[in-house]
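Visitor: My file is target02.cif. It has mmCIF, C-alpha atoms:
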data_structure
#
loop_
_atom_site.group_PDB
_atom_site.id
_atom_site.type_symbol
_atom_site.label_atom_id
_atom_site.label_comp_id
_atom_site.auth_asym_id
_atom_site.auth_seq_id
_atom_site.Cartn_x
_atom_site.Cartn_y
_atom_site.Cartn_z
ATOM 1 C CA GLU A 1 -76.333 -35.316 9.182
ATOM 2 C CA VAL A 2 -78.380 -32.117 9.450
ATOM 3 C CA ASP A 3 -79.252 -30.998 12.981
ATOM 4 C CA ILE A 4 -82.267 -28.919 13.954
ATOM 5 C CA ASP A 5 -81.753 -27.125 17.255
ATOM 6 C CA GLY A 6 -79.139 -29.702 18.116
ATOM 7 C CA THR A 7 -81.314 -32.754 17.315
ATOM 8 C CA PRO A 8 -80.391 -34.915 14.296
ATOM 9 C CA PHE A 9 -82.973 -34.748 11.497
ATOM 10 C CA SER A 10 -83.298 -38.558 11.432
ATOM 11 C CA VAL A 11 -84.289 -38.563 15.107
ATOM 12 C CA LEU A 12 -86.912 -35.865 14.502
ATOM 13 C CA MET A 13 -88.321 -37.841 11.570
ATOM 14 C CA GLU A 14 -88.515 -41.004 13.659
ATOM 15 C CA ARG A 15 -90.386 -39.136 16.391
ATOM 16 C CA ALA A 16 -92.784 -37.627 13.836
ATOM 17 C CA VAL A 17 -93.535 -41.053 12.342
ATOM 18 C CA LYS A 18 -94.218 -42.512 15.792
ATOM 19 C CA LEU A 19 -96.486 -39.583 16.680
ATOM 20 C CA LYS A 20 -98.395 -39.931 13.417
ATOM 21 C CA SER A 21 -98.747 -43.659 14.006
ATOM 22 C CA LEU A 22 -100.166 -43.086 17.498
ATOM 23 C CA GLN A 23 -102.615 -40.490 16.197
ATOM 24 C CA THR A 24 -103.756 -42.807 13.393
ATOM 25 C CA LYS A 25 -104.136 -45.719 15.794
ATOM 26 C CA HIS A 26 -106.364 -43.621 18.051
ATOM 27 C CA HIS A 27 -108.703 -42.816 15.147
ATOM 28 C CA ARG A 28 -109.044 -46.452 13.994
ATOM 29 C CA ALA A 29 -109.068 -48.434 17.233
ATOM 30 C CA LYS A 30 -112.389 -50.123 16.448
ATOM 31 C CA TYR A 31 -111.364 -51.001 12.901
ATOM 32 C CA ASP A 32 -108.050 -52.440 14.077
ATOM 33 C CA ALA A 33 -109.931 -54.596 16.586
ATOM 34 C CA PHE A 34 -111.815 -56.383 13.819
ATOM 35 C CA PRO A 35 -110.313 -59.731 12.753
ATOM 36 C CA SER A 36 -108.481 -59.548 9.439
ATOM 37 C CA PHE A 37 -111.120 -61.620 7.626
ATOM 38 C CA TYR A 38 -113.666 -58.885 8.408
ATOM 39 C CA ALA A 39 -111.397 -55.846 8.192
ATOM 40 C CA SER A 40 -110.319 -56.852 4.675
ATOM 41 C CA SER A 41 -113.909 -56.484 3.426
ATOM 42 C CA VAL A 42 -113.399 -52.727 3.302
ATOM 43 C CA PHE A 43 -111.381 -53.383 0.115
ATOM 44 C CA PRO A 44 -113.791 -55.545 -1.943
ATOM 45 C CA ARG A 45 -112.969 -57.319 -5.196
ATOM 46 C CA GLU A 46 -114.945 -56.424 -8.311
ATOM 47 C CA ASP A 47 -116.777 -59.759 -8.335
ATOM 48 C CA VAL A 48 -117.832 -59.208 -4.721
ATOM 49 C CA ILE A 49 -119.282 -55.788 -5.556
ATOM 50 C CA LYS A 50 -121.185 -57.241 -8.511
ATOM 51 C CA ALA A 51 -122.546 -60.070 -6.356
ATOM 52 C CA ARG A 52 -123.825 -57.577 -3.777
ATOM 53 C CA GLU A 53 -125.544 -55.543 -6.484
ATOM 54 C CA THR A 54 -127.474 -58.438 -8.017
ATOM 55 C CA SER A 55 -131.191 -58.442 -7.304
ATOM 56 C CA SER A 56 -131.466 -62.237 -7.317
ATOM 57 C CA PHE A 57 -130.747 -64.007 -4.028
ATOM 58 C CA ASP A 58 -129.991 -67.283 -5.811
ATOM 59 C CA ASP A 59 -127.491 -65.567 -8.129
ATOM 60 C CA ARG A 60 -125.863 -63.851 -5.171
ATOM 61 C CA LEU A 61 -125.589 -67.130 -3.301
ATOM 62 C CA ALA A 62 -124.204 -68.881 -6.385
ATOM 63 C CA GLU A 63 -121.463 -66.259 -6.714
ATOM 64 C CA ALA A 64 -120.597 -66.590 -3.033
ATOM 65 C CA TYR A 65 -120.375 -70.373 -3.405
ATOM 66 C CA ARG A 66 -118.129 -69.946 -6.447
ATOM 67 C CA MET A 67 -115.712 -67.917 -4.323
ATOM 68 C CA LYS A 68 -115.869 -70.508 -1.569
ATOM 69 C CA GLU A 69 -115.107 -73.294 -4.047
ATOM 70 C CA GLU A 70 -112.135 -71.312 -5.333
ATOM 71 C CA GLY A 71 -110.998 -71.197 -1.730
ATOM 72 C CA ASN A 72 -111.443 -74.946 -1.393
ATOM 73 C CA SER A 73 -109.375 -75.557 -4.537
ATOM 74 C CA ALA A 74 -106.616 -73.267 -3.296
ATOM 75 C CA PHE A 75 -106.623 -75.025 0.073
ATOM 76 C CA ARG A 76 -106.281 -78.457 -1.538
ATOM 77 C CA GLU A 77 -103.357 -77.164 -3.612
ATOM 78 C CA GLY A 78 -101.636 -75.719 -0.559
ATOM 79 C CA ARG A 79 -102.177 -72.092 -1.590
ATOM 80 C CA LEU A 80 -103.284 -71.054 1.864
ATOM 81 C CA CYS A 81 -103.182 -67.270 1.388
ATOM 82 C CA ASP A 82 -105.337 -67.591 -1.741
ATOM 83 C CA ALA A 83 -107.734 -69.877 0.107
ATOM 84 C CA LEU A 84 -108.051 -67.376 2.929
ATOM 85 C CA ALA A 85 -108.650 -64.482 0.527
ATOM 86 C CA ASN A 86 -111.415 -66.379 -1.281
ATOM 87 C CA TYR A 87 -113.196 -67.361 1.925
ATOM 88 C CA GLU A 88 -112.990 -63.742 3.087
ATOM 89 C CA SER A 89 -114.478 -62.551 -0.210
ATOM 90 C CA ALA A 90 -117.263 -65.124 -0.015
ATOM 91 C CA ILE A 91 -118.233 -63.901 3.439
ATOM 92 C CA SER A 92 -118.088 -60.255 2.359
ATOM 93 C CA VAL A 93 -120.875 -60.877 -0.134
ATOM 94 C CA TRP A 94 -123.140 -60.967 2.949
ATOM 95 C CA ARG A 95 -121.308 -59.026 5.648
ATOM 96 C CA TRP A 96 -118.870 -56.222 5.011
ATOM 97 C CA LEU A 97 -117.393 -52.895 6.036
ATOM 98 C CA GLU A 98 -117.664 -49.726 3.979
ATOM 99 C CA ASN A 99 -115.343 -46.739 4.234
ATOM 100 C CA THR A 100 -117.521 -43.690 3.548
ATOM 101 C CA ASN A 101 -114.628 -41.224 3.601
ATOM 102 C CA PRO A 102 -113.739 -40.268 -0.007
ATOM 103 C CA SER A 103 -110.387 -38.900 1.204
ATOM 104 C CA TRP A 104 -109.310 -42.019 3.075
ATOM 105 C CA LYS A 105 -106.235 -42.550 0.890
ATOM 106 C CA SER A 106 -104.705 -39.332 2.177
ATOM 107 C CA GLU A 107 -106.310 -39.285 5.629
ATOM 108 C CA GLY A 108 -106.151 -42.986 6.471
ATOM 109 C CA ILE A 109 -108.904 -45.196 7.846
ATOM 110 C CA LYS A 110 -110.965 -43.632 10.636
ATOM 111 C CA ASP A 111 -113.597 -45.390 12.718
ATOM 112 C CA ARG A 112 -116.193 -42.649 12.262
ATOM 113 C CA PHE A 113 -116.279 -43.344 8.528
ATOM 114 C CA ILE A 114 -116.536 -47.138 8.806
ATOM 115 C CA LYS A 115 -120.047 -48.505 8.285
ATOM 116 C CA GLU A 116 -121.056 -52.124 8.872
ATOM 117 C CA HIS A 117 -123.397 -53.824 6.409
ATOM 118 C CA ARG A 118 -125.333 -57.089 6.479
ATOM 119 C CA TYR A 119 -127.543 -58.637 3.875
ATOM 120 C CA GLU A 120 -131.198 -58.189 4.818
ATOM 121 C CA CYS A 121 -132.976 -61.516 4.400
ATOM 122 C CA LYS A 122 -136.434 -61.495 2.884
ATOM 123 C CA ASP A 123 -137.566 -64.553 4.839
ATOM 124 C CA ASN A 124 -136.391 -67.242 7.257
ATOM 125 C CA GLY A 125 -135.411 -69.508 4.395
ATOM 126 C CA GLU A 126 -132.935 -66.981 3.060
ATOM 127 C CA CYS A 127 -131.541 -66.361 6.535
ATOM 128 C CA LYS A 128 -130.920 -70.052 7.089
ATOM 129 C CA ARG A 129 -129.112 -70.465 3.775
ATOM 130 C CA VAL A 130 -126.949 -67.406 4.410
ATOM 131 C CA ASN A 131 -126.147 -68.441 7.976
ATOM 132 C CA ASP A 132 -125.279 -71.994 6.949
ATOM 133 C CA PHE A 133 -122.960 -70.564 4.307
ATOM 134 C CA LEU A 134 -121.306 -68.139 6.723
ATOM 135 C CA VAL A 135 -120.618 -70.873 9.267
ATOM 136 C CA ILE A 136 -118.931 -73.012 6.597
ATOM 137 C CA CYS A 137 -116.712 -70.119 5.508
ATOM 138 C CA TYR A 138 -115.804 -69.084 9.046
ATOM 139 C CA THR A 139 -114.805 -72.622 9.970
ATOM 140 C CA ASN A 140 -112.848 -72.916 6.718
ATOM 141 C CA ILE A 141 -110.962 -69.752 7.651
ATOM 142 C CA ALA A 142 -110.251 -71.320 11.019
ATOM 143 C CA LEU A 143 -108.878 -74.465 9.395
ATOM 144 C CA VAL A 144 -106.648 -72.464 7.029
ATOM 145 C CA SER A 145 -105.460 -70.322 9.930
ATOM 146 C CA CYS A 146 -104.522 -73.427 11.908
ATOM 147 C CA LYS A 147 -102.498 -74.635 8.914
ATOM 148 C CA MET A 148 -100.738 -71.253 8.908
ATOM 149 C CA ALA A 149 -100.169 -71.499 12.675
ATOM 150 C CA ASN A 150 -102.260 -68.353 13.189
ATOM 151 C CA PHE A 151 -104.202 -69.832 16.072
ATOM 152 C CA THR A 152 -105.490 -66.487 17.347
ATOM 153 C CA LEU A 153 -107.225 -65.858 14.030
ATOM 154 C CA ALA A 154 -108.520 -69.438 13.983
ATOM 155 C CA ILE A 155 -110.125 -68.960 17.393
ATOM 156 C CA LYS A 156 -111.681 -65.668 16.308
ATOM 157 C CA ALA A 157 -113.106 -67.264 13.144
ATOM 158 C CA CYS A 158 -114.677 -70.011 15.258
ATOM 159 C CA ASP A 159 -116.101 -67.345 17.572
ATOM 160 C CA TYR A 160 -117.805 -65.753 14.572
ATOM 161 C CA ALA A 161 -119.135 -69.133 13.413
ATOM 162 C CA ILE A 162 -120.536 -69.883 16.866
ATOM 163 C CA ALA A 163 -122.108 -66.420 17.014
ATOM 164 C CA VAL A 164 -124.080 -67.395 13.907
ATOM 165 C CA ASP A 165 -124.799 -70.987 15.000
ATOM 166 C CA SER A 166 -124.310 -71.601 18.707
ATOM 167 C CA THR A 167 -124.631 -75.382 18.276
ATOM 168 C CA ASN A 168 -122.123 -75.904 15.465
ATOM 169 C CA GLU A 169 -119.980 -78.810 16.634
ATOM 170 C CA LYS A 170 -117.265 -78.351 14.022
ATOM 171 C CA ALA A 171 -116.624 -74.779 15.128
ATOM 172 C CA PHE A 172 -116.293 -75.882 18.755
ATOM 173 C CA PHE A 173 -113.955 -78.730 17.790
ATOM 174 C CA VAL A 174 -111.701 -76.563 15.598
ATOM 175 C CA ARG A 175 -111.608 -73.880 18.293
ATOM 176 C CA ALA A 176 -110.486 -76.468 20.834
ATOM 177 C CA LYS A 177 -107.753 -77.597 18.453
ATOM 178 C CA ALA A 178 -106.617 -74.004 17.912
ATOM 179 C CA ARG A 179 -106.467 -73.435 21.658
ATOM 180 C CA LEU A 180 -104.368 -76.530 22.291
ATOM 181 C CA SER A 181 -102.023 -76.258 19.297
ATOM 182 C CA PRO A 182 -99.650 -73.437 20.327
ATOM 183 C CA ALA A 183 -96.582 -74.489 22.295
ATOM 184 C CA SER A 184 -97.433 -71.636 24.662
ATOM 185 C CA SER A 185 -100.899 -73.037 25.397
ATOM 186 C CA GLY A 186 -101.370 -72.742 29.127
ATOM 187 C CA ALA A 187 -103.895 -73.725 31.760
ATOM 188 C CA VAL A 188 -106.489 -71.148 30.685
ATOM 189 C CA HIS A 189 -106.456 -72.218 27.037
ATOM 190 C CA GLN A 190 -106.515 -75.876 28.022
ATOM 191 C CA SER A 191 -109.518 -75.289 30.259
ATOM 192 C CA LEU A 192 -111.357 -73.449 27.487
ATOM 193 C CA ALA A 193 -110.488 -76.217 25.027
ATOM 194 C CA ARG A 194 -111.880 -78.844 27.407
ATOM 195 C CA ALA A 195 -115.119 -76.864 27.612
ATOM 196 C CA ASP A 196 -115.334 -76.797 23.813
ATOM 197 C CA LEU A 197 -114.687 -80.527 23.542
ATOM 198 C CA LYS A 198 -117.209 -81.242 26.289
ATOM 199 C CA PHE A 199 -119.831 -79.366 24.258
ATOM 200 C CA VAL A 200 -119.013 -81.532 21.214
ATOM 201 C CA LEU A 201 -119.226 -84.766 23.222
ATOM 202 C CA VAL A 202 -122.511 -83.803 24.856
ATOM 203 C CA HIS A 203 -124.118 -82.998 21.505
ATOM 204 C CA ASN A 204 -122.469 -85.815 19.586
ATOM 205 C CA PRO A 205 -121.601 -88.677 21.975
ATOM 206 C CA ASP A 206 -120.775 -91.004 19.083
#
Once you've parsed the file, please lay out its structure as structure tokens.

Guide:
Amino acid sequence: EVDIDGTPFSVLMERAVKLKSLQTKHHRAKYDAFPSFYASSVFPREDVIKARETSSFDDRLAEAYRMKEEGNSAFREGRLCDALANYESAISVWRWLENTNPSWKSEGIKDRFIKEHRYECKDNGECKRVNDFLVICYTNIALVSCKMANFTLAIKACDYAIAVDSTNEKAFFVRAKARLSPASSGAVHQSLARADLKFVLVHNPD
């Protein structure tokens, strides 16, 4: 093996890769903190882009529902990764990230070029329909994530659902389940799960 100043080349390469990784991580800390179902929206499918560009709210909503239904079909057939991808796409019709750096392929993703977008509702009716849709998709992501034993992602998806609708009982129930499911679930998670279940019982005693 070739040495450079007494250090094997492979060791130097390993150090360079680690250094580059640390530098990249520093520039994309915010992006990396986003849950995967949001972070993935920076790479939209063609049908998602077309849905965003339509001028008709009803057509946009119909396309989003089509994606959600594709997710439902995949879930029923046990194709969990496909289900997750379709739910993510359905959400990204309304909320998404944009990478404004044209050189990102060579430079990597950097927080300063990431822009967050949300659909701007024209009235309260539109907002309600969008929010109802988002909550369904977030809770569906949580259910798929539980099936995949990714309980951290399931909890985060429920957090997003509750941020949209703070009284959604299903989101609280699924979050409690996700907190109790891991074998490593300890006292803190159990306490949080009890709080979630208490909320459900208070609002739906039957």

Visitor: Choose the residue, out of A:Pro35, A:Thr152, A:Glu77, A:Ser92, that has the smallest atom-to-atom separation from Lys50 in chain A; count only C-alpha atoms.

Guide: A:Ser92

Visitor: One decimal, Å: what's the distance from CA of Asp196 in chain A over to CA of Ala74 in chain A, could you say?

Guide: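 Separation of CA of Asp196 in chain A and CA of Ala74 in chain A: 28.7 Å.
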
Visitor: Evaluated on this file, the PyMOL selection byres ((chain A and resi 132-147) around 7) picks out some residues - which ones are they, written as a PyMOL selection string?

Guide: chain A and resi 80+84+87+91+128-131+148-151+153-155+157-158+160-161+164+171+178

Visitor: Select, from A:Ala183, A:Leu61, A:Leu192, A:Val174, the residue with the minimum atom-to-atom distance to Val93 in chain A, counting all atoms listed in the file.

Guide: A:Leu61

Visitor: Rounded to one decimal place, report the CA of Glu70 in chain A-CA of Ala51 in chain A distance in Å.

Guide: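 Separating CA of Glu70 in chain A from CA of Ala51 in chain A is a distance of 15.4 Å.
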
Visitor: Between CA of His27 in chain A and CA of Ala163 in chain A, measure the distance and give it in Å to one decimal.

Guide: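 Going from CA of His27 in chain A over to CA of Ala163 in chain A covers 27.2 Å.
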
Visitor: Within 10 Å of (-114.3, -44.6, 11.2) (file coordinates; all atoms listed in the file), which protein or nucleic acid residues are there? I'd like them as a list in words.

Guide: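 The distance filter leaves exactly His27, Arg28, Ala29, Lys30, Tyr31, Glu98, Asn99, Thr100, Asn101, Trp104, Gly108, Ile109, Lys110, Asp111, Arg112, Phe113, Ile114 and Lys115 of chain A.
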
Visitor: May I have the protein, DNA and RNA residues with any atom at most 12 Å from the point (-110.1, -74.5, -4.4), counting all atoms listed in the file, written as a list in words?

Guide: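 Every residue inside that radius is included here: Tyr65, Arg66, Met67, Lys68, Glu69, Glu70, Gly71, Asn72, Ser73, Ala74, Phe75, Arg76, Glu77, Gly78, Arg79, Leu80, Cys81, Asp82, Ala83, Leu84, Ala85, Asn86, Tyr87 and Asn140 of chain A.
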
Visitor: Find the residues near Val42 in chain A: any atom within 6 Å, counting all atoms listed in the file, skip ones fewer than 2 places away on the same chain, and give them as a list in words.

Guide: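 In the requested form, the answer reads Ser40, Pro44, Leu97 and Glu98 of chain A.
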
Visitor: For the provided coordinates, the residues matched by the PyMOL selection byres ((chain A and resi 169) around 9) should be stated as a list of chain:residue names.

Guide: A:Ile162, A:Ser166, A:Thr167, A:Asn168, A:Lys170, A:Ala171, A:Phe172, A:Phe173, A:Val174, A:Asp196, A:Leu197, A:Phe199, A:Val200, A:Leu201, A:His203, A:Asn204

Visitor: Can you write range 56-70 of chain A from the block above with all heavy atoms, as a PDB file, in the first residue's frame?

Guide:
ATOM      1  N   SER A  56     -56.754  24.508 -10.113  1.00  0.00           N
ATOM      2  CA  SER A  56     -58.015  24.103  -9.484  1.00  0.00           C
ATOM      3  C   SER A  56     -57.748  23.401  -8.151  1.00  0.00           C
ATOM      4  O   SER A  56     -57.044  22.389  -8.112  1.00  0.00           O
ATOM      5  CB  SER A  56     -58.789  23.166 -10.414  1.00  0.00           C
ATOM      6  OG  SER A  56     -59.844  22.519  -9.721  1.00  0.00           O
ATOM      7  N   PHE A  57     -58.335  23.916  -7.083  1.00  0.00           N
ATOM      8  CA  PHE A  57     -58.167  23.278  -5.775  1.00  0.00           C
ATOM      9  C   PHE A  57     -58.749  21.872  -5.783  1.00  0.00           C
ATOM     10  O   PHE A  57     -58.120  20.934  -5.253  1.00  0.00           O
ATOM     11  CB  PHE A  57     -58.861  24.119  -4.699  1.00  0.00           C
ATOM     12  CG  PHE A  57     -58.888  23.444  -3.347  1.00  0.00           C
ATOM     13  CD1 PHE A  57     -57.774  23.457  -2.530  1.00  0.00           C
ATOM     14  CD2 PHE A  57     -60.032  22.776  -2.904  1.00  0.00           C
ATOM     15  CE1 PHE A  57     -57.787  22.823  -1.292  1.00  0.00           C
ATOM     16  CE2 PHE A  57     -60.059  22.142  -1.681  1.00  0.00           C
ATOM     17  CZ  PHE A  57     -58.929  22.167  -0.868  1.00  0.00           C
ATOM     18  N   ASP A  58     -59.929  21.711  -6.368  1.00  0.00           N
ATOM     19  CA  ASP A  58     -60.573  20.393  -6.387  1.00  0.00           C
ATOM     20  C   ASP A  58     -59.731  19.367  -7.150  1.00  0.00           C
ATOM     21  O   ASP A  58     -59.624  18.208  -6.733  1.00  0.00           O
ATOM     22  CB  ASP A  58     -61.971  20.489  -6.997  1.00  0.00           C
ATOM     23  CG  ASP A  58     -62.963  21.171  -6.064  1.00  0.00           C
ATOM     24  OD1 ASP A  58     -62.723  21.163  -4.835  1.00  0.00           O
ATOM     25  OD2 ASP A  58     -63.968  21.713  -6.558  1.00  0.00           O
ATOM     26  N   ASP A  59     -59.119  19.794  -8.253  1.00  0.00           N
ATOM     27  CA  ASP A  59     -58.259  18.881  -9.018  1.00  0.00           C
ATOM     28  C   ASP A  59     -57.013  18.523  -8.214  1.00  0.00           C
ATOM     29  O   ASP A  59     -56.561  17.370  -8.233  1.00  0.00           O
ATOM     30  CB  ASP A  59     -57.846  19.522 -10.343  1.00  0.00           C
ATOM     31  CG  ASP A  59     -59.007  19.617 -11.329  1.00  0.00           C
ATOM     32  OD1 ASP A  59     -60.043  18.967 -11.088  1.00  0.00           O
ATOM     33  OD2 ASP A  59     -58.871  20.348 -12.334  1.00  0.00           O
ATOM     34  N   ARG A  60     -56.488  19.498  -7.524  1.00  0.00           N
ATOM     35  CA  ARG A  60     -55.295  19.265  -6.692  1.00  0.00           C
ATOM     36  C   ARG A  60     -55.625  18.286  -5.576  1.00  0.00           C
ATOM     37  O   ARG A  60     -54.860  17.348  -5.308  1.00  0.00           O
ATOM     38  CB  ARG A  60     -54.822  20.602  -6.118  1.00  0.00           C
ATOM     39  CG  ARG A  60     -53.501  20.543  -5.354  1.00  0.00           C
ATOM     40  CD  ARG A  60     -53.035  21.950  -5.038  1.00  0.00           C
ATOM     41  NE  ARG A  60     -51.741  21.983  -4.398  1.00  0.00           N
ATOM     42  CZ  ARG A  60     -50.889  23.006  -4.466  1.00  0.00           C
ATOM     43  NH1 ARG A  60     -51.212  24.072  -5.173  1.00  0.00           N
ATOM     44  NH2 ARG A  60     -49.719  22.966  -3.839  1.00  0.00           N
ATOM     45  N   LEU A  61     -56.763  18.484  -4.939  1.00  0.00           N
ATOM     46  CA  LEU A  61     -57.180  17.597  -3.865  1.00  0.00           C
ATOM     47  C   LEU A  61     -57.447  16.187  -4.392  1.00  0.00           C
ATOM     48  O   LEU A  61     -57.092  15.191  -3.743  1.00  0.00           O
ATOM     49  CB  LEU A  61     -58.425  18.155  -3.179  1.00  0.00           C
ATOM     50  CG  LEU A  61     -58.905  17.428  -1.914  1.00  0.00           C
ATOM     51  CD1 LEU A  61     -57.848  17.497  -0.813  1.00  0.00           C
ATOM     52  CD2 LEU A  61     -60.211  18.030  -1.410  1.00  0.00           C
ATOM     53  N   ALA A  62     -58.051  16.099  -5.572  1.00  0.00           N
ATOM     54  CA  ALA A  62     -58.341  14.796  -6.166  1.00  0.00           C
ATOM     55  C   ALA A  62     -57.049  14.024  -6.447  1.00  0.00           C
ATOM     56  O   ALA A  62     -56.973  12.806  -6.215  1.00  0.00           O
ATOM     57  CB  ALA A  62     -59.130  14.965  -7.454  1.00  0.00           C
ATOM     58  N   GLU A  63     -56.032  14.719  -6.934  1.00  0.00           N
ATOM     59  CA  GLU A  63     -54.747  14.070  -7.192  1.00  0.00           C
ATOM     60  C   GLU A  63     -54.101  13.594  -5.887  1.00  0.00           C
ATOM     61  O   GLU A  63     -53.525  12.504  -5.819  1.00  0.00           O
ATOM     62  CB  GLU A  63     -53.802  15.038  -7.908  1.00  0.00           C
ATOM     63  CG  GLU A  63     -53.918  15.018  -9.409  1.00  0.00           C
ATOM     64  CD  GLU A  63     -53.547  13.655  -9.978  1.00  0.00           C
ATOM     65  OE1 GLU A  63     -52.362  13.280  -9.951  1.00  0.00           O
ATOM     66  OE2 GLU A  63     -54.462  12.951 -10.443  1.00  0.00           O
ATOM     67  N   ALA A  64     -54.194  14.424  -4.857  1.00  0.00           N
ATOM     68  CA  ALA A  64     -53.634  14.045  -3.563  1.00  0.00           C
ATOM     69  C   ALA A  64     -54.353  12.813  -3.009  1.00  0.00           C
ATOM     70  O   ALA A  64     -53.708  11.884  -2.481  1.00  0.00           O
ATOM     71  CB  ALA A  64     -53.742  15.213  -2.584  1.00  0.00           C
ATOM     72  N   TYR A  65     -55.670  12.776  -3.164  1.00  0.00           N
ATOM     73  CA  TYR A  65     -56.435  11.614  -2.701  1.00  0.00           C
ATOM     74  C   TYR A  65     -56.083  10.364  -3.510  1.00  0.00           C
ATOM     75  O   TYR A  65     -56.057   9.256  -2.964  1.00  0.00           O
ATOM     76  CB  TYR A  65     -57.937  11.888  -2.775  1.00  0.00           C
ATOM     77  CG  TYR A  65     -58.513  12.390  -1.477  1.00  0.00           C
ATOM     78  CD1 TYR A  65     -58.809  13.744  -1.292  1.00  0.00           C
ATOM     79  CD2 TYR A  65     -58.748  11.509  -0.420  1.00  0.00           C
ATOM     80  CE1 TYR A  65     -59.328  14.208  -0.090  1.00  0.00           C
ATOM     81  CE2 TYR A  65     -59.268  11.973   0.781  1.00  0.00           C
ATOM     82  CZ  TYR A  65     -59.551  13.316   0.949  1.00  0.00           C
ATOM     83  OH  TYR A  65     -60.061  13.772   2.148  1.00  0.00           O
ATOM     84  N   ARG A  66     -55.819  10.540  -4.805  1.00  0.00           N
ATOM     85  CA  ARG A  66     -55.412   9.395  -5.618  1.00  0.00           C
ATOM     86  C   ARG A  66     -54.128   8.771  -5.076  1.00  0.00           C
ATOM     87  O   ARG A  66     -54.008   7.549  -4.957  1.00  0.00           O
ATOM     88  CB  ARG A  66     -55.210   9.826  -7.078  1.00  0.00           C
ATOM     89  CG  ARG A  66     -54.754   8.682  -7.993  1.00  0.00           C
ATOM     90  CD  ARG A  66     -54.389   9.189  -9.365  1.00  0.00           C
ATOM     91  NE  ARG A  66     -53.299  10.134  -9.350  1.00  0.00           N
ATOM     92  CZ  ARG A  66     -52.013   9.803  -9.195  1.00  0.00           C
ATOM     93  NH1 ARG A  66     -51.676   8.522  -9.030  1.00  0.00           N
ATOM     94  NH2 ARG A  66     -51.079  10.716  -9.208  1.00  0.00           N
ATOM     95  N   MET A  67     -53.178   9.636  -4.710  1.00  0.00           N
ATOM     96  CA  MET A  67     -51.914   9.146  -4.146  1.00  0.00           C
ATOM     97  C   MET A  67     -52.150   8.444  -2.816  1.00  0.00           C
ATOM     98  O   MET A  67     -51.553   7.400  -2.521  1.00  0.00           O
ATOM     99  CB  MET A  67     -50.940  10.315  -3.954  1.00  0.00           C
ATOM    100  CG  MET A  67     -50.521  10.976  -5.252  1.00  0.00           C
ATOM    101  SD  MET A  67     -49.558  12.480  -4.942  1.00  0.00           S
ATOM    102  CE  MET A  67     -49.771  13.345  -6.506  1.00  0.00           C
ATOM    103  N   LYS A  68     -53.030   9.034  -2.016  1.00  0.00           N
ATOM    104  CA  LYS A  68     -53.346   8.415  -0.720  1.00  0.00           C
ATOM    105  C   LYS A  68     -53.977   7.041  -0.928  1.00  0.00           C
ATOM    106  O   LYS A  68     -53.632   6.078  -0.211  1.00  0.00           O
ATOM    107  CB  LYS A  68     -54.292   9.298   0.088  1.00  0.00           C
ATOM    108  CG  LYS A  68     -54.638   8.725   1.466  1.00  0.00           C
ATOM    109  CD  LYS A  68     -55.692   9.538   2.172  1.00  0.00           C
ATOM    110  CE  LYS A  68     -57.080   9.289   1.640  1.00  0.00           C
ATOM    111  NZ  LYS A  68     -57.589   7.920   1.981  1.00  0.00           N
ATOM    112  N   GLU A  69     -54.883   6.938  -1.885  1.00  0.00           N
ATOM    113  CA  GLU A  69     -55.536   5.649  -2.146  1.00  0.00           C
ATOM    114  C   GLU A  69     -54.537   4.617  -2.658  1.00  0.00           C
ATOM    115  O   GLU A  69     -54.648   3.423  -2.341  1.00  0.00           O
ATOM    116  CB  GLU A  69     -56.677   5.832  -3.143  1.00  0.00           C
ATOM    117  CG  GLU A  69     -57.885   6.551  -2.559  1.00  0.00           C
ATOM    118  CD  GLU A  69     -58.399   5.895  -1.281  1.00  0.00           C
ATOM    119  OE1 GLU A  69     -58.533   4.653  -1.266  1.00  0.00           O
ATOM    120  OE2 GLU A  69     -58.646   6.613  -0.305  1.00  0.00           O
ATOM    121  N   GLU A  70     -53.561   5.063  -3.433  1.00  0.00           N
ATOM    122  CA  GLU A  70     -52.497   4.155  -3.864  1.00  0.00           C
ATOM    123  C   GLU A  70     -51.721   3.660  -2.641  1.00  0.00           C
ATOM    124  O   GLU A  70     -51.307   2.495  -2.585  1.00  0.00           O
ATOM    125  CB  GLU A  70     -51.562   4.853  -4.847  1.00  0.00           C
ATOM    126  CG  GLU A  70     -52.179   5.076  -6.225  1.00  0.00           C
ATOM    127  CD  GLU A  70     -51.235   5.765  -7.184  1.00  0.00           C
ATOM    128  OE1 GLU A  70     -50.085   6.080  -6.782  1.00  0.00           O
ATOM    129  OE2 GLU A  70     -51.618   5.984  -8.345  1.00  0.00           O
TER     130      GLU A  70
END
